[in-house]
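File shown here: work_10.cif, holding mmCIF, C-alpha atoms.
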data_run
#
loop_
_atom_site.label_atom_id
_atom_site.label_comp_id
_atom_site.auth_asym_id
_atom_site.auth_seq_id
_atom_site.Cartn_x
_atom_site.Cartn_y
_atom_site.Cartn_z
CA MET Q 1 111.85 137.78 266.60
CA PRO Q 2 112.84 135.12 264.03
CA LEU Q 3 110.18 134.32 261.45
CA LEU Q 4 110.25 130.65 262.40
CA ARG Q 5 109.47 131.29 266.05
CA GLN Q 6 105.66 131.39 265.85
CA PRO Q 7 105.26 128.26 263.64
CA ILE Q 8 107.52 126.27 265.96
CA LEU Q 9 105.57 127.39 269.00
CA LEU Q 10 102.35 126.32 267.31
CA LEU Q 11 103.85 122.86 266.86
CA ALA Q 12 104.24 122.67 270.62
CA ARG Q 13 100.46 122.13 270.80
CA SER Q 14 100.46 119.22 268.33
CA SER Q 15 100.07 115.80 269.94
CA GLY Q 16 100.60 114.16 266.53
CA VAL Q 17 103.98 115.80 265.99
CA LYS Q 18 104.93 114.94 269.56
CA LYS Q 19 104.23 111.26 268.90
CA VAL Q 20 106.42 111.28 265.80
CA VAL Q 21 109.22 113.22 267.47
CA SER Q 22 109.42 110.89 270.44
CA THR Q 23 109.91 107.80 268.24
CA LEU Q 24 112.69 109.05 265.99
CA PRO Q 25 116.29 108.24 266.95
CA VAL Q 26 117.83 111.45 265.59
CA THR Q 27 115.12 113.56 267.15
CA SER Q 28 115.55 111.62 270.36
CA GLY Q 29 119.16 112.77 270.25
CA ILE Q 30 117.92 116.34 270.10
CA VAL Q 31 115.64 115.65 273.07
CA THR Q 32 118.47 114.28 275.22
CA SER Q 33 120.61 117.27 274.30
CA TYR Q 34 118.18 119.44 276.25
CA VAL Q 35 116.50 117.03 278.68
CA PRO Q 36 118.71 114.53 280.56
CA GLY Q 37 115.90 112.08 281.24
CA GLU Q 38 112.41 111.46 282.54
CA THR Q 39 113.16 110.18 286.06
CA THR Q 40 114.38 111.58 289.35
CA ALA Q 41 117.45 109.37 289.10
CA ALA Q 42 118.36 110.80 285.68
CA ALA Q 43 117.94 114.37 286.92
CA VAL Q 44 120.06 113.75 290.02
CA GLU Q 45 122.83 112.10 288.01
CA ALA Q 46 122.88 115.05 285.60
CA THR Q 47 123.09 117.40 288.59
CA ALA Q 48 125.97 115.44 290.09
CA GLY Q 49 127.86 115.76 286.81
CA LEU Q 50 127.32 119.52 286.73
CA VAL Q 51 128.47 119.91 290.33
CA ASP Q 52 131.60 117.92 289.52
CA ASP Q 53 132.29 120.52 286.82
CA GLY Q 54 132.02 123.36 289.33
CA LEU Q 55 128.50 124.35 288.29
CA HIS Q 56 125.22 124.76 290.16
CA ALA Q 57 121.79 123.55 289.02
CA THR Q 58 118.11 124.39 289.17
CA LEU Q 59 115.82 121.48 288.33
CA ASP Q 60 112.40 121.67 286.71
CA PHE Q 61 110.01 118.72 286.73
CA LEU Q 62 108.32 119.40 283.42
CA GLY Q 63 104.57 119.80 283.30
CA GLU Q 64 102.22 122.60 282.30
CA ASP Q 65 98.52 123.30 281.90
CA THR Q 66 97.59 120.88 284.69
CA VAL Q 67 93.80 120.66 284.89
CA GLU Q 68 93.39 117.71 287.25
CA GLN Q 69 94.05 117.70 290.99
CA ALA Q 70 95.68 114.27 290.80
CA GLN Q 71 98.16 115.52 288.22
CA ALA Q 72 99.07 118.51 290.39
CA ASP Q 73 99.50 116.22 293.40
CA ALA Q 74 101.78 113.94 291.39
CA THR Q 75 103.96 116.89 290.39
CA VAL Q 76 104.28 118.01 294.01
CA ALA Q 77 105.22 114.46 295.02
CA ALA Q 78 107.87 114.39 292.28
CA TYR Q 79 109.46 117.58 293.62
CA VAL Q 80 109.42 116.28 297.20
CA GLU Q 81 111.10 113.07 296.04
CA LEU Q 82 113.67 115.04 294.05
CA LEU Q 83 114.52 117.31 296.96
CA ARG Q 84 114.82 114.36 299.32
CA GLU Q 85 117.24 112.69 296.91
CA LEU Q 86 119.28 115.86 296.38
CA GLY Q 87 119.64 116.13 300.14
CA ARG Q 88 120.58 112.48 300.50
CA ARG Q 89 123.26 112.80 297.82
CA GLY Q 90 124.70 115.98 299.34
CA LEU Q 91 123.79 118.02 296.26
CA ALA Q 92 121.25 120.41 297.76
CA ARG Q 93 123.88 123.03 298.53
CA ASN Q 94 124.51 123.37 294.81
CA ALA Q 95 121.04 122.65 293.44
CA GLU Q 96 117.64 124.25 293.84
CA VAL Q 97 114.33 123.65 292.05
CA SER Q 98 112.27 125.70 289.61
CA VAL Q 99 108.49 125.36 289.73
CA LYS Q 100 105.79 126.40 287.26
CA LEU Q 101 102.57 127.22 289.08
CA SER Q 102 100.58 125.85 286.14
CA ALA Q 103 102.12 122.45 286.87
CA ILE Q 104 100.91 122.42 290.48
CA GLY Q 105 97.34 123.51 290.02
CA GLN Q 106 97.11 127.18 289.04
CA ALA Q 107 94.83 126.37 286.10
CA LEU Q 108 92.33 124.34 288.13
CA PRO Q 109 88.90 125.97 287.71
CA GLY Q 110 87.88 128.24 290.57
CA VAL Q 111 90.51 127.13 293.08
CA GLY Q 112 93.68 127.30 291.02
CA ASP Q 113 95.53 130.08 292.82
CA LYS Q 114 94.73 128.63 296.25
CA VAL Q 115 95.81 125.13 295.26
CA ALA Q 116 98.99 126.41 293.60
CA LEU Q 117 99.94 128.40 296.70
CA GLU Q 118 99.32 125.46 299.01
CA ASN Q 119 101.33 123.14 296.78
CA ALA Q 120 104.14 125.66 296.43
CA ARG Q 121 104.32 125.84 300.23
CA ILE Q 122 104.79 122.07 300.39
CA ILE Q 123 107.65 122.25 297.88
CA CYS Q 124 109.24 125.24 299.63
CA ARG Q 125 109.12 123.40 302.95
CA ALA Q 126 110.73 120.33 301.40
CA ALA Q 127 113.41 122.54 299.84
CA ARG Q 128 114.18 124.23 303.14
CA ASN Q 129 114.38 120.85 304.88
CA ALA Q 130 116.85 119.72 302.21
CA GLY Q 131 118.89 122.90 302.62
CA THR Q 132 118.02 124.62 299.38
CA THR Q 133 115.50 126.97 297.74
CA VAL Q 134 112.72 127.27 295.16
CA THR Q 135 112.35 129.65 292.22
CA LEU Q 136 108.89 130.27 290.75
CA ASP Q 137 109.08 130.13 286.97
CA MET Q 138 107.20 132.74 284.99
CA GLU Q 139 104.88 131.68 282.18
CA ASP Q 140 102.80 133.56 279.62
CA HIS Q 141 101.75 137.14 280.38
CA THR Q 142 98.19 136.21 281.41
CA THR Q 143 99.57 134.63 284.60
CA THR Q 144 102.17 137.25 285.55
CA ASP Q 145 100.14 139.12 288.17
CA ARG Q 146 98.84 135.88 289.70
CA THR Q 147 102.34 134.44 289.87
CA LEU Q 148 103.71 137.55 291.56
CA ALA Q 149 100.81 137.44 294.04
CA VAL Q 150 101.69 133.85 294.98
CA LEU Q 151 105.34 134.92 295.28
CA ARG Q 152 104.42 137.65 297.76
CA ASP Q 153 102.46 135.17 299.88
CA LEU Q 154 105.24 132.58 299.77
CA ARG Q 155 107.92 135.07 300.75
CA LYS Q 156 106.14 135.77 304.04
CA ASP Q 157 107.25 132.34 305.26
CA PHE Q 158 109.90 131.51 302.68
CA PRO Q 159 111.65 134.81 301.89
CA GLU Q 160 114.36 132.93 299.99
CA THR Q 161 111.91 132.01 297.20
CA GLY Q 162 113.16 133.23 293.84
CA ALA Q 163 111.24 135.04 291.10
CA VAL Q 164 111.56 135.07 287.31
CA LEU Q 165 110.98 138.11 285.11
CA GLN Q 166 110.90 138.18 281.31
CA ALA Q 167 112.56 141.11 279.56
CA TYR Q 168 110.38 140.95 276.46
CA LEU Q 169 107.32 142.11 278.39
CA HIS Q 170 106.78 145.87 278.44
CA ARG Q 171 106.07 145.79 282.18
CA THR Q 172 109.24 144.05 283.28
CA GLU Q 173 111.48 147.03 284.01
CA ALA Q 174 108.90 148.24 286.55
CA ASP Q 175 108.65 144.73 288.01
CA CYS Q 176 112.44 144.68 288.39
CA ARG Q 177 112.30 147.89 290.39
CA ALA Q 178 109.63 146.42 292.65
CA LEU Q 179 111.67 143.26 293.30
CA ALA Q 180 115.21 144.66 293.59
CA TYR Q 181 115.22 144.64 297.38
CA GLU Q 182 117.53 142.98 299.89
CA GLY Q 183 117.08 139.22 300.06
CA SER Q 184 115.14 139.08 296.80
CA ARG Q 185 116.37 136.60 294.19
CA VAL Q 186 115.33 137.45 290.63
CA ARG Q 187 116.12 135.48 287.48
CA LEU Q 188 116.03 137.74 284.42
CA CYS Q 189 115.46 135.97 281.11
CA LYS Q 190 114.38 137.23 277.69
CA GLY Q 191 111.17 135.15 277.52
CA ALA Q 192 110.09 132.09 275.55
CA TYR Q 193 106.34 132.38 274.98
CA ASN Q 194 104.54 133.70 271.91
CA GLU Q 195 103.18 137.01 273.22
CA PRO Q 196 101.12 139.72 271.45
CA GLU Q 197 102.71 143.03 270.55
CA ASP Q 198 100.54 145.02 272.94
CA VAL Q 199 102.27 143.37 275.92
CA ALA Q 200 105.66 142.30 274.55
CA PHE Q 201 108.47 143.62 272.38
CA GLN Q 202 108.54 141.81 269.04
CA ASP Q 203 111.96 142.74 267.65
CA ASP Q 204 115.16 141.18 268.99
CA ILE Q 205 116.86 144.56 269.36
CA ASP Q 206 114.02 145.88 271.50
CA VAL Q 207 114.12 142.77 273.70
CA ASP Q 208 117.88 143.18 274.10
CA ARG Q 209 117.51 146.84 275.07
CA SER Q 210 114.88 145.94 277.62
CA TYR Q 211 117.12 143.20 279.00
CA VAL Q 212 119.95 145.68 279.52
CA ARG Q 213 117.65 148.21 281.20
CA CYS Q 214 116.39 145.51 283.53
CA LEU Q 215 119.95 144.34 284.24
CA LYS Q 216 120.88 147.84 285.32
CA VAL Q 217 117.96 147.97 287.74
CA LEU Q 218 118.73 144.58 289.28
CA LEU Q 219 122.50 145.01 289.52
CA ALA Q 220 122.09 148.47 291.03
CA GLY Q 221 119.57 147.14 293.55
CA ASP Q 222 119.98 145.23 296.79
CA GLY Q 223 118.76 141.81 295.66
CA TYR Q 224 120.49 138.82 294.12
CA PRO Q 225 120.24 138.95 290.30
CA MET Q 226 120.26 135.69 288.35
CA ILE Q 227 121.33 136.58 284.82
CA ALA Q 228 119.76 134.01 282.49
CA THR Q 229 121.24 134.35 279.02
CA HIS Q 230 123.41 132.54 276.49
CA ASP Q 231 123.99 135.69 274.44
CA PRO Q 232 127.72 136.57 274.49
CA ARG Q 233 126.90 140.27 274.21
CA MET Q 234 124.54 140.16 277.18
CA ILE Q 235 127.11 138.24 279.24
CA ALA Q 236 129.76 140.85 278.46
CA ILE Q 237 127.36 143.70 279.27
CA ALA Q 238 126.35 142.01 282.52
CA ALA Q 239 130.00 141.66 283.54
CA SER Q 240 130.62 145.33 282.78
CA LEU Q 241 127.55 146.45 284.73
CA ALA Q 242 128.46 144.23 287.68
CA SER Q 243 131.83 145.98 287.80
CA ARG Q 244 130.24 149.42 287.44
CA PHE Q 245 127.90 148.81 290.34
CA GLY Q 246 130.60 147.30 292.55
CA ARG Q 247 129.13 143.82 292.53
CA ALA Q 248 131.46 141.21 294.00
CA ARG Q 249 131.38 137.72 292.53
CA GLY Q 250 128.90 135.65 294.47
CA THR Q 251 126.41 138.51 294.81
CA TYR Q 252 124.88 137.55 291.45
CA GLU Q 253 125.00 134.54 289.16
CA TYR Q 254 124.72 133.51 285.52
CA GLN Q 255 122.17 130.93 284.44
CA MET Q 256 122.07 128.87 281.25
CA LEU Q 257 120.00 125.97 279.95
CA TYR Q 258 121.16 122.38 280.12
CA GLY Q 259 122.90 121.45 276.88
CA ILE Q 260 123.41 125.00 275.60
CA ARG Q 261 126.94 126.48 275.51
CA PRO Q 262 128.38 124.03 278.08
CA GLU Q 263 131.93 125.20 277.35
CA GLU Q 264 130.93 128.78 278.17
CA GLN Q 265 129.31 127.57 281.37
CA ARG Q 266 132.54 125.92 282.44
CA ARG Q 267 134.64 128.90 281.32
CA LEU Q 268 132.66 131.32 283.47
CA ALA Q 269 132.80 128.97 286.44
CA ALA Q 270 136.57 128.56 286.04
CA ALA Q 271 136.87 132.37 286.06
CA GLY Q 272 135.21 132.44 289.50
CA GLU Q 273 131.66 133.23 288.48
CA THR Q 274 128.65 131.41 289.92
CA VAL Q 275 126.95 129.57 287.05
CA ARG Q 276 123.66 127.70 287.46
CA VAL Q 277 122.35 125.30 284.82
CA TYR Q 278 118.60 124.91 284.28
CA VAL Q 279 117.95 121.14 284.19
CA PRO Q 280 114.49 120.04 282.98
CA TYR Q 281 113.35 116.45 283.31
CA GLY Q 282 110.19 114.36 283.21
CA HIS Q 283 107.73 112.90 280.70
CA GLU Q 284 106.23 116.26 279.67
CA TRP Q 285 109.30 117.43 277.78
CA TYR Q 286 107.65 118.22 274.44
CA GLY Q 287 106.48 121.82 275.02
CA TYR Q 288 109.83 122.65 276.59
CA LEU Q 289 111.74 121.23 273.61
CA MET Q 290 109.66 123.19 271.11
CA ARG Q 291 110.29 126.47 272.94
CA ARG Q 292 114.01 125.72 272.84
CA LEU Q 293 113.77 125.12 269.09
CA ALA Q 294 111.87 128.41 268.77
CA GLU Q 295 114.68 130.23 270.55
CA ARG Q 296 117.33 128.55 268.37
CA PRO Q 297 115.68 127.88 264.97
CA GLN Q 298 118.97 126.58 263.53
CA ASN Q 299 118.18 123.38 265.44
CA LEU Q 300 115.06 123.00 263.30
CA THR Q 301 117.26 121.61 260.50
CA PHE Q 302 117.98 118.49 262.53
CA PHE Q 303 114.36 118.27 263.61
CA LEU Q 304 113.00 118.37 260.04
CA ARG Q 305 115.67 115.97 258.78
CA SER Q 306 114.49 113.48 261.40
CA LEU Q 307 110.86 113.80 260.28
CA VAL Q 308 111.69 113.42 256.58
CA SER Q 309 113.86 110.34 257.17
CA LYS Q 310 111.06 108.42 258.90
CA LYS Q 311 110.01 105.41 256.84
#

Show me this structure written as structure tokens.
Amino acid sequence: MPLLRQPILLLARSSGVKKVVSTLPVTSGIVTSYVPGETTAAAVEATAGLVDDGLHATLDFLGEDTVEQAQADATVAAYVELLRELGRRGLARNAEVSVKLSAIGQALPGVGDKVALENARIICRAARNAGTTVTLDMEDHTTTDRTLAVLRDLRKDFPETGAVLQAYLHRTEADCRALAYEGSRVRLCKGAYNEPEDVAFQDDIDVDRSYVRCLKVLLAGDGYPMIATHDPRMIAIAASLASRFGRARGTYEYQMLYGIRPEEQRRLAAAGETVRVYVPYGHEWYGYLMRRLAERPQNLTFFLRSLVSKK
């Protein structure tokens, strides 16, 4: 992994840096490149623009490490409002939501898993009423088993609920095999958290190799793979594997982040591929932004220039 990755991720915990970043105009430009806004209205307008371009969306109301019940309740309410508005605007057919369990109560002492499951049920019900679905985001490796346990419970009543697996974890190929069944939706990404070497591959080449192994499992299986990558090589490999395994377009999809390679997103969609854009929004954008910088350290140049220019 790039040498800058760990220092950038450490900055994600700094409230002081966050305060500076949020007040700088150039940095604010970086923020809006990745996060369309803080409100439901901003997220819905961004979604409408993507749909007009022939793209699909998955929306994430940003928030992590929730340790208060009121905060978890507010996040659930935000998702319910979002889903209601997507349905009202006729966008739900092309837009789903992504949910981090840590944002809806998983970290609450003693009752976290129960609260997160109950809150996820509320969001899943609202999504179904709107005519769309939910995908459970994956977070750092310490929550993987708990997240998959909640997924299993949710899928009893909401079998359309999607999962996310991270290729940089050593365990993920086995998890892909366990989830590659009919009706299962699985987003495969490389991973964006700073993980120790005993649980995660550290070198880019090893992560790429794991990603390809996992792709083979998912595309050969009976589920619906969601191929989350901006890497041109991985996109080409995915297309080749889809052809090898006889996958028709529409039986899998590509996923990319809002603001990253938009021309490639539109190119794939124009070629007949299903492309879904991950749209984050909300006040808690800082940790998300720093992980994006960690994934693409070339953006750090603009970030540092903004800090230095502050008078």

Picked residues, the PyMOL selection byres ((chain Q and resi 42) around 12), as an mmCIF file with C-alpha atoms, in the frame of the given file:
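The file below, expr_19.cif, is the result:
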data_model
loop_
_atom_site.group_PDB
_atom_site.id
_atom_site.type_symbol
_atom_site.label_atom_id
_atom_site.label_comp_id
_atom_site.auth_asym_id
_atom_site.auth_seq_id
_atom_site.Cartn_x
_atom_site.Cartn_y
_atom_site.Cartn_z
ATOM 1 C CA THR Q 32 118.470 114.280 275.220
ATOM 2 C CA VAL Q 35 116.500 117.030 278.680
ATOM 3 C CA PRO Q 36 118.710 114.530 280.560
ATOM 4 C CA GLY Q 37 115.900 112.080 281.240
ATOM 5 C CA GLU Q 38 112.410 111.460 282.540
ATOM 6 C CA THR Q 39 113.160 110.180 286.060
ATOM 7 C CA THR Q 40 114.380 111.580 289.350
ATOM 8 C CA ALA Q 41 117.450 109.370 289.100
ATOM 9 C CA ALA Q 43 117.940 114.370 286.920
ATOM 10 C CA VAL Q 44 120.060 113.750 290.020
ATOM 11 C CA GLU Q 45 122.830 112.100 288.010
ATOM 12 C CA ALA Q 46 122.880 115.050 285.600
ATOM 13 C CA THR Q 47 123.090 117.400 288.590
ATOM 14 C CA ALA Q 48 125.970 115.440 290.090
ATOM 15 C CA GLY Q 49 127.860 115.760 286.810
ATOM 16 C CA LEU Q 59 115.820 121.480 288.330
ATOM 17 C CA PHE Q 61 110.010 118.720 286.730
ATOM 18 C CA LEU Q 82 113.670 115.040 294.050
ATOM 19 C CA GLU Q 85 117.240 112.690 296.910
ATOM 20 C CA LEU Q 86 119.280 115.860 296.380
ATOM 21 C CA VAL Q 279 117.950 121.140 284.190
ATOM 22 C CA PRO Q 280 114.490 120.040 282.980
ATOM 23 C CA TYR Q 281 113.350 116.450 283.310
ATOM 24 C CA GLY Q 282 110.190 114.360 283.210
ATOM 25 C CA HIS Q 283 107.730 112.900 280.700
#

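Computed from the coordinates, the atom CA of Q:Ile104 to atom CA of Q:Leu117 distance equals 8.7 Å.
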
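Between Q:Pro159 and the candidates Q:Gly221, Q:Gly183, Q:Pro196, Q:Gly110, the tightest atom-to-atom separation, counting only C-alpha atoms, involves Q:Gly183.
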
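The gap separating atom CA of Q:Arg146 from atom CA of Q:Ser98 is 16.9 Å, in Å to one decimal.
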
Name the residues that the PyMOL selection byres ((chain Q and resi 261) around 12) pulls out of this structure, and write them as a PyMOL selection string. chain Q and resi 33-34+229-232+255-260+262-268+275+277

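Residues matched by the PyMOL selection byres ((chain Q and resi 181) around 9) in this file are Arg177, Ala178, Leu179, Ala180, Glu182, Gly183, Ser184, Arg185, Leu218, Gly221, Asp222, Gly223 and Tyr224 of chain Q.
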
Which residues, written as a ChimeraX atom specification, have at least one atom at most 6 Å from stretch 163-168 of chain Q, with all atoms listed in the file counted and residues fewer than 2 positions away on the same chain left out? /Q:135-138,172,186-191,200-201,207,210-211

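The interatomic distance for the pair atom CA of Q:Thr133 and atom CA of Q:Ala95 works out to 8.2 Å.
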
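Restricting the calculation to only C-alpha atoms, the smallest distance between Q:Leu101 and any of Q:Thr147, Q:Glu81, Q:Thr142, Q:Asp73 is found for Q:Thr147.
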
I'd like the neighbourhood of Q:Glu68 as a PDB file with C-alpha atoms, in the frame of the given file, where a residue qualifies if any of its atoms comes within 9 Å (using all atoms listed in the file), though same-chain residues fewer than 3 positions away should be ignored.
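Full text of part_36.pdb as output:
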ATOM      1  CA  GLN Q  71      98.160 115.520 288.220  1.00  0.00           C
ATOM      2  CA  ALA Q  72      99.070 118.510 290.390  1.00  0.00           C
ATOM      3  CA  ASP Q  73      99.500 116.220 293.400  1.00  0.00           C
ATOM      4  CA  GLY Q 105      97.340 123.510 290.020  1.00  0.00           C
ATOM      5  CA  ALA Q 107      94.830 126.370 286.100  1.00  0.00           C
ATOM      6  CA  LEU Q 108      92.330 124.340 288.130  1.00  0.00           C
TER       7      LEU Q 108
END

List the spatial neighbours of Q:Phe245 as a list in words - criterion: any atom at most 9 Å away, all atoms listed in the file, same-chain residues fewer than 4 positions off excluded. Lys216, Leu219, Ala220, Ser240 and Leu241 of chain Q

Take the residues from that selection and write them out as a JSON list (two decimals), in the frame of the given file, keeping C-alpha atoms.
[["chain", "number", "residue", "atom", "x", "y", "z"],
["Q", 216, "LYS", "CA", 120.88, 147.84, 285.32],
["Q", 219, "LEU", "CA", 122.50, 145.01, 289.52],
["Q", 220, "ALA", "CA", 122.09, 148.47, 291.03],
["Q", 240, "SER", "CA", 130.62, 145.33, 282.78],
["Q", 241, "LEU", "CA", 127.55, 146.45, 284.73]]

For stretch 250-254 of chain Q, please output as a ChimeraX atom specification all residues within 7 Å (counting all atoms listed in the file; exclusion window: fewer than 4 positions along the same chain). /Q:224-228,273-276

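Taking only C-alpha atoms into account, Q:Glu195 lies nearest to Q:Leu169 out of the set Q:Leu169, Q:Ala270, Q:Leu50, Q:Leu91.
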
Build an axis-aligned box that encloses every atom of stretch 132-145 of chain Q listed in the file, pad it by 4 Å on each side, and report its centre and edge lengths in Å to one decimal, as lines of an AutoDock Vina configuration file.
center_x = 108.1
center_y = 131.9
center_z = 289.5
size_x = 27.8
size_y = 22.5
size_z = 27.8

Selected residue, from Q:Asp208, Q:Asp65, Q:Asp140, Q:Glu96, that lies nearest to Q:Asn194 when counting all atoms listed in the file: Q:Asp140

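The nearest approach to Q:Tyr79 among the residues Q:Val67, Q:Val115, Q:Ile237, Q:Ile123, with only C-alpha atoms taken into account, belongs to Q:Ile123.
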
When distances are computed from all atoms listed in the file, which of Q:Ala269, Q:Ile205, Q:Leu289, Q:Cys214 shows the smallest separation from Q:Ala192? Q:Leu289
